[in-house]
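One structure is given here, and the rest of the page talks about it.
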Amino acid sequence: MVGSSFEVQSVLSHGSTVNGKSVAMQEMMTLAAEENSFDLTAVVEEPDLEVKEKEIVLGRNVHTTCLAVTEPDADDESTGDKEAHMASVLARYRKTLIERTRHHLGYPYNLDFDYGALAQLQHFSINNLGDPFIESNYGVHSRQFEVGVLDWFARLWEIEKDDYWGYITNCGTEGNLHGILVGREVHPDGILYASKESHYSVFKAARMYRMECVKVATLVTGEIDCTDFKTKLLSNKDKPAIINVNIGTTVKGAVDDLDLVIQTLEECGFSHDRFYIHCDGALFGLMMPFVKRAPKVSFKKPIGSVSVSGHKFVGCPMPCGVQITRLQHVNALSSNVEYLASRDATIMGSRNGHAPIFLWYTLNRKGYKGFQKEVQKCLRNAHYLKGRLMEAGISAMLNELSSTVVFERPRDEEFVRHWQLACEGNMAHIVVMPSVTIEKLDYFSNELVHARSIWYKDEKDQPPCLAEDVGIENCCCALHK
C-alpha cells in the first residue's frame with residue numbers, strides 16, 4: 001500500500017516538460033486556495049558548516065513514508081488497476097510539487113522555465129560517456145550540444161578554444177571535485193586552502209583525495225580574510241598552494257576577492273607555477289559577468305579552473321554543471337579507454353546527455369542580454385526584500401554582489417520547512433532568483449511579520465542578536481536597533 005503523504009526532498013519545476021508555463025501557473029493559483037494534505041519535509045541541512053547556538057535540525061526520515069515498489073498482481077494487465085493506481089500516485093505527487101514550488105525561497109534554483117519543446121527527446125537514452133571532444137562508439141549522444149555550451153562559457157571566461165578543456169557535470173559538487181582534483185594532480189604535494197564558509201563539497205574533496213586542508217577565516221560578509229590567508233600561506237611556504245575561491249558563498253552569497261587572493265599569493269613568494277586556483281561559481285559565477293562594475297573571473301588571470309551549476313541560475317530541470325579548466329592541466333588526468341573508443345578525464349563515467357541540450361536551449365533563447373536582464377531583476381528584488389525586512393525590525397544583510405538575503409532565523413521550524421529556508425545558526429537566507437517575484441516576497445514578508453508578532457509577543461522573548469553574523473549595522477536586536 002502507498003502511504004498517504006509524500007516526503008519531497010528536492011524542488012522541481014512547477015510544470016513538466018510537456019506542459020506550458022501558463023497551465024502550470026493556473027494550477028498554482030488554484031492550489032493556493034486548497035489545503036494540501038501531504039506531509040512535506042525540508043531539505044536536509046548541509047553538513048560541515050559551523051553552527052552557532054543552535055543544533056542542526058534535520059528533515060524528517062523519508063523511510064517512514066516512502067512509496068513502496070510492489071509486485072503486479074496476476075490480473076493487473078487485464079484490469080488496469082496497477083496503471084490506474086500509479087497514475088493516481090503521480091498526479092498527487094505533481095500537486096505536491098506545485099504547492100512546494102509556490103513556497104520555495106531558500107535554495108538557489110530558478111524555477112521559471114518551460115522546456116516543452118524538448119519533450120520529443122525524452123524517448124532517447126542520451127549518454128555523453130567519455131571525453132566531450134572525442135566521439136565514442138556509442139552514437140546516441142549530444143556532444144555537439146555539449147561542446148557548443150562549453151565554447152559559450154569559454155568566451156564568457158575569456159579563454160581560447162584551443163586552450164581550454166571542460167565538460168558538463170552532473171552537479172555543482174562534481175565541478176568542485178574535478179577542479180580540486182586537477183589542482184592536486186598539478187601539485188601532488190599541495191595544500192588546499194578554503195575559507196570556512198566554502199561549500200561543503202570543497203571539504204568533501206579534501207577528504208576524498210586525502211589532501212591537507214587549511215580553513216581560512218572570513219570577514220563578517222562571508223568573504224575570505226586575506227590577512228588570515230597570508231598568515232597561513234607563510235606557515236607553509238615550502239608547499240604549493242591549491243586555493244578554492246568562492247564566487248558566492250553558500251550561506252551569505254559572499255564573493256571572494258580574486259585579485260586580492262592572487263596578490264596575497266604573490267606577496268608570500270608563490271610564483272604562478274606554485275599555485276592553482278579553482279573558482280567555485282556555483283550560483284553567482286554566471287550572474288557576476290552581468291553585474292556592472294563587478295570584478296572579472298577570467299582565465300587571463302592565473303586561475304586553473306571555474307565551475308558553475310546549470311540547475312541554479314540557468315534553470316535546468318535536472319542537476320548539472322559546467323567545469324572549465326586549462327587544457328595543459330587536464331592531460332595529467334586523461335587516459336585512453338578502448339571500450340569507449342574515447343579519452344576519459346571526467347569524474348563520472350556515464351553523463352546525462354539531456355542536460356547539455358537543456359543548457360544549449362536556454363543559452364540560445366536568452367543570450368547575454370537576457371541573462372543581464374534577469375540578473376538586474378534579481379538584484380533589484382533582493383534589495384527590495386532586505387528593505388522590507390529592515391523596515392519591519394528584522395535583522396538582514398545583503399552583500400553588494402549578491403542576490404542572497406541573510407536574515408534572522410525564524411523561531412518556528414515548521415515555518416522554516418513551509419518556506420523551505422536554508423538555515424545556519426541564528427541565520428536563514430532567501431536566494432532571490434528569476435522565478436522569485438515581488439508578490440512572492442511580499443507574501444513571505446507578511447507571513448513572517450505576522451508570525452513574529454506571535455513568537456515575540458512576550459517581552460521576555462526577544463529575537464536573537466545577529467551582530468556577529470551580519471554586522472552591527474544590519475542587526476535589529478534590542479541592543480543594536
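Numbering starts fresh at 1 for the residues of each chain in the C-alpha cells, the chains themselves are lettered A, B, ... in the order given, and ligands are numbered from 1 as they appear.
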
- Message: I'd like the neighbourhood of region 368-376 of chain A as a PyMOL selection string, where a residue qualifies if any of its atoms comes within 10 Å (using only C-alpha atoms), though same-chain residues fewer than 6 positions away should be ignored.
- Response: chain A and resi 156+284+286-292+313-314+362+382+402-403+432-435

Keeping only N, CA and C atoms, write those residues as a short mmCIF file (atom, residue, chain, number, x, y, z; two decimals), in the first residue's frame.
data_model
loop_
_atom_site.label_atom_id
_atom_site.label_comp_id
_atom_site.auth_asym_id
_atom_site.auth_seq_id
_atom_site.Cartn_x
_atom_site.Cartn_y
_atom_site.Cartn_z
N LEU A 156 32.82 33.48 -22.23
CA LEU A 156 32.42 34.26 -21.06
C LEU A 156 33.60 34.45 -20.12
N PHE A 284 26.70 32.31 -8.47
CA PHE A 284 26.98 33.67 -8.93
C PHE A 284 28.05 33.73 -10.02
N LEU A 286 27.78 32.67 -12.93
CA LEU A 286 27.11 33.04 -14.17
C LEU A 286 26.42 34.39 -14.06
N MET A 287 26.16 34.83 -12.84
CA MET A 287 25.49 36.12 -12.66
C MET A 287 26.48 37.29 -12.68
N MET A 288 27.66 37.10 -12.08
CA MET A 288 28.59 38.21 -11.89
C MET A 288 29.05 38.86 -13.19
N PRO A 289 29.24 38.11 -14.29
CA PRO A 289 29.66 38.78 -15.53
C PRO A 289 28.66 39.81 -16.03
N PHE A 290 27.44 39.78 -15.54
CA PHE A 290 26.40 40.69 -16.00
C PHE A 290 26.07 41.77 -14.97
N VAL A 291 26.93 41.90 -13.94
CA VAL A 291 26.77 42.95 -12.93
C VAL A 291 27.75 44.07 -13.25
N LYS A 292 27.23 45.27 -13.35
CA LYS A 292 28.07 46.42 -13.68
C LYS A 292 29.14 46.64 -12.61
N PHE A 313 20.98 29.29 -11.59
CA PHE A 313 20.52 30.49 -12.28
C PHE A 313 19.97 30.19 -13.68
N VAL A 314 20.59 29.27 -14.39
CA VAL A 314 20.14 28.95 -15.75
C VAL A 314 18.73 28.37 -15.73
N THR A 362 18.49 26.98 -23.46
CA THR A 362 18.31 28.20 -22.67
C THR A 362 19.30 29.29 -23.07
N ALA A 382 16.15 41.60 -4.57
CA ALA A 382 16.86 41.29 -3.32
C ALA A 382 16.97 42.54 -2.45
N SER A 402 25.48 40.29 -4.63
CA SER A 402 24.73 39.08 -4.32
C SER A 402 23.23 39.32 -4.40
N SER A 403 22.49 38.22 -4.61
CA SER A 403 21.04 38.26 -4.50
C SER A 403 20.57 37.37 -3.35
N VAL A 432 17.23 35.13 -4.03
CA VAL A 432 16.28 35.73 -4.98
C VAL A 432 16.70 35.36 -6.40
N MET A 433 15.90 34.52 -7.02
CA MET A 433 16.16 34.02 -8.36
C MET A 433 15.16 34.63 -9.35
N PRO A 434 15.34 34.42 -10.65
CA PRO A 434 14.41 35.00 -11.63
C PRO A 434 12.95 34.60 -11.40
N SER A 435 12.74 33.44 -10.79
CA SER A 435 11.37 32.97 -10.56
C SER A 435 10.74 33.57 -9.31
#

- Non-local contacts of region 197-200 of chain A (10 Å; only C-alpha atoms; under 6 positions in same chain excluded) as a PyMOL selection string: chain A and resi 46-50+173+176+215-219+222-224+244-254+280+282

- Item | Nearby residues (only C-alpha atoms) at most 8 Å from Lys386 (chain A), same-chain spacing under 4 positions excluded, as a list in words |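 With the cut-off at 8 Å, the set is Ala382, Met390, Ala396, Met397, Leu398 and Val405 of chain A.
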
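All residues of protein, DNA or RNA that reach within 7 Å of Ser298 (chain A), judged by only C-alpha atoms and not counting those fewer than 3 positions away in the chain, are Trp157, Glu158 and Lys301 of chain A.
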
- Task: Find the residues around Glu338 (chain A) up to 12 Å (only C-alpha atoms counted), leave out those fewer than 6 positions away in its own chain, and share them as JSON, numbers by chain.
- Result: {"A": [130, 136, 137, 344]}

Got time to write the residues from that selection, all heavy atoms, as an mmCIF file, in the first residue's frame?
data_model
loop_
_atom_site.group_PDB
_atom_site.id
_atom_site.type_symbol
_atom_site.label_atom_id
_atom_site.label_comp_id
_atom_site.auth_asym_id
_atom_site.auth_seq_id
_atom_site.Cartn_x
_atom_site.Cartn_y
_atom_site.Cartn_z
ATOM 1 N N GLY A 130 32.581 9.560 -21.570
ATOM 2 C CA GLY A 130 33.901 9.846 -22.128
ATOM 3 C C GLY A 130 34.138 11.329 -22.360
ATOM 4 O O GLY A 130 33.413 12.187 -21.869
ATOM 5 N N SER A 136 32.676 8.647 -28.885
ATOM 6 C CA SER A 136 32.862 7.240 -28.542
ATOM 7 C C SER A 136 32.073 6.397 -29.546
ATOM 8 O O SER A 136 31.407 6.927 -30.438
ATOM 9 C CB SER A 136 32.373 6.968 -27.119
ATOM 10 O OG SER A 136 30.959 6.936 -27.090
ATOM 11 N N ASN A 137 32.104 5.080 -29.381
ATOM 12 C CA ASN A 137 31.350 4.201 -30.279
ATOM 13 C C ASN A 137 29.847 4.233 -29.985
ATOM 14 O O ASN A 137 29.057 3.744 -30.790
ATOM 15 C CB ASN A 137 31.864 2.763 -30.167
ATOM 16 C CG ASN A 137 33.194 2.592 -30.891
ATOM 17 O OD1 ASN A 137 33.515 3.370 -31.789
ATOM 18 N ND2 ASN A 137 33.968 1.592 -30.492
ATOM 19 N N ASP A 344 39.187 9.679 -21.452
ATOM 20 C CA ASP A 344 38.403 9.956 -20.255
ATOM 21 C C ASP A 344 39.224 10.789 -19.280
ATOM 22 O O ASP A 344 40.345 10.424 -18.927
ATOM 23 C CB ASP A 344 37.966 8.666 -19.562
ATOM 24 C CG ASP A 344 37.184 8.961 -18.282
ATOM 25 O OD1 ASP A 344 36.186 9.687 -18.381
ATOM 26 O OD2 ASP A 344 37.587 8.489 -17.215
#

- Item | Test item: residues at most 9 Å from Asn127 (chain A), only C-alpha atoms, excluding those fewer than 5 positions along its chain, as a ChimeraX atom specification | /A:138-142,350-354

- List every residue of region 133-222 of chain A that DSSP, applied to the backbone of this structure, assigns to strand (DSSP E), and report them as a list in words. Tyr164, Trp165, Gly166, Tyr167, Ile168, Thr169, Ile191, Leu192, Tyr193, Ala194, Ser195, Cys213, Val214, Lys215 and Val216 of chain A

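Here CA of Leu58 (chain A) stands at a distance of 13.9 Å from CA of Asp412 (chain A).
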
- Message: List the spatial neighbours of region 445-460 of chain A as a count of residues only - criterion: any atom at most 9 Å away, only C-alpha atoms, same-chain residues fewer than 5 positions off excluded.
- Response: 10

- Message: What does the structure give for the distance between CA of Gly310 (chain A) and CA of Ile159 (chain A), in Å to one decimal?
- Response: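 Calculated distance between CA of Gly310 (chain A) and CA of Ile159 (chain A) is 19.7 Å.
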
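Of the listed residues (A:Ala428, A:Glu408, A:Arg155, A:Glu267), A:Glu408 comes nearest to Cys477 (chain A); the distances count only C-alpha atoms.
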
- Query: Residues of region 91-278 of chain A in helix (DSSP H, G or I) according to DSSP, as number ranges by chain?
  - Reply: A: 91-102, 116-121, 143-156, 161-163, 172-186, 200-208, 226-234, 258-267, 272-274
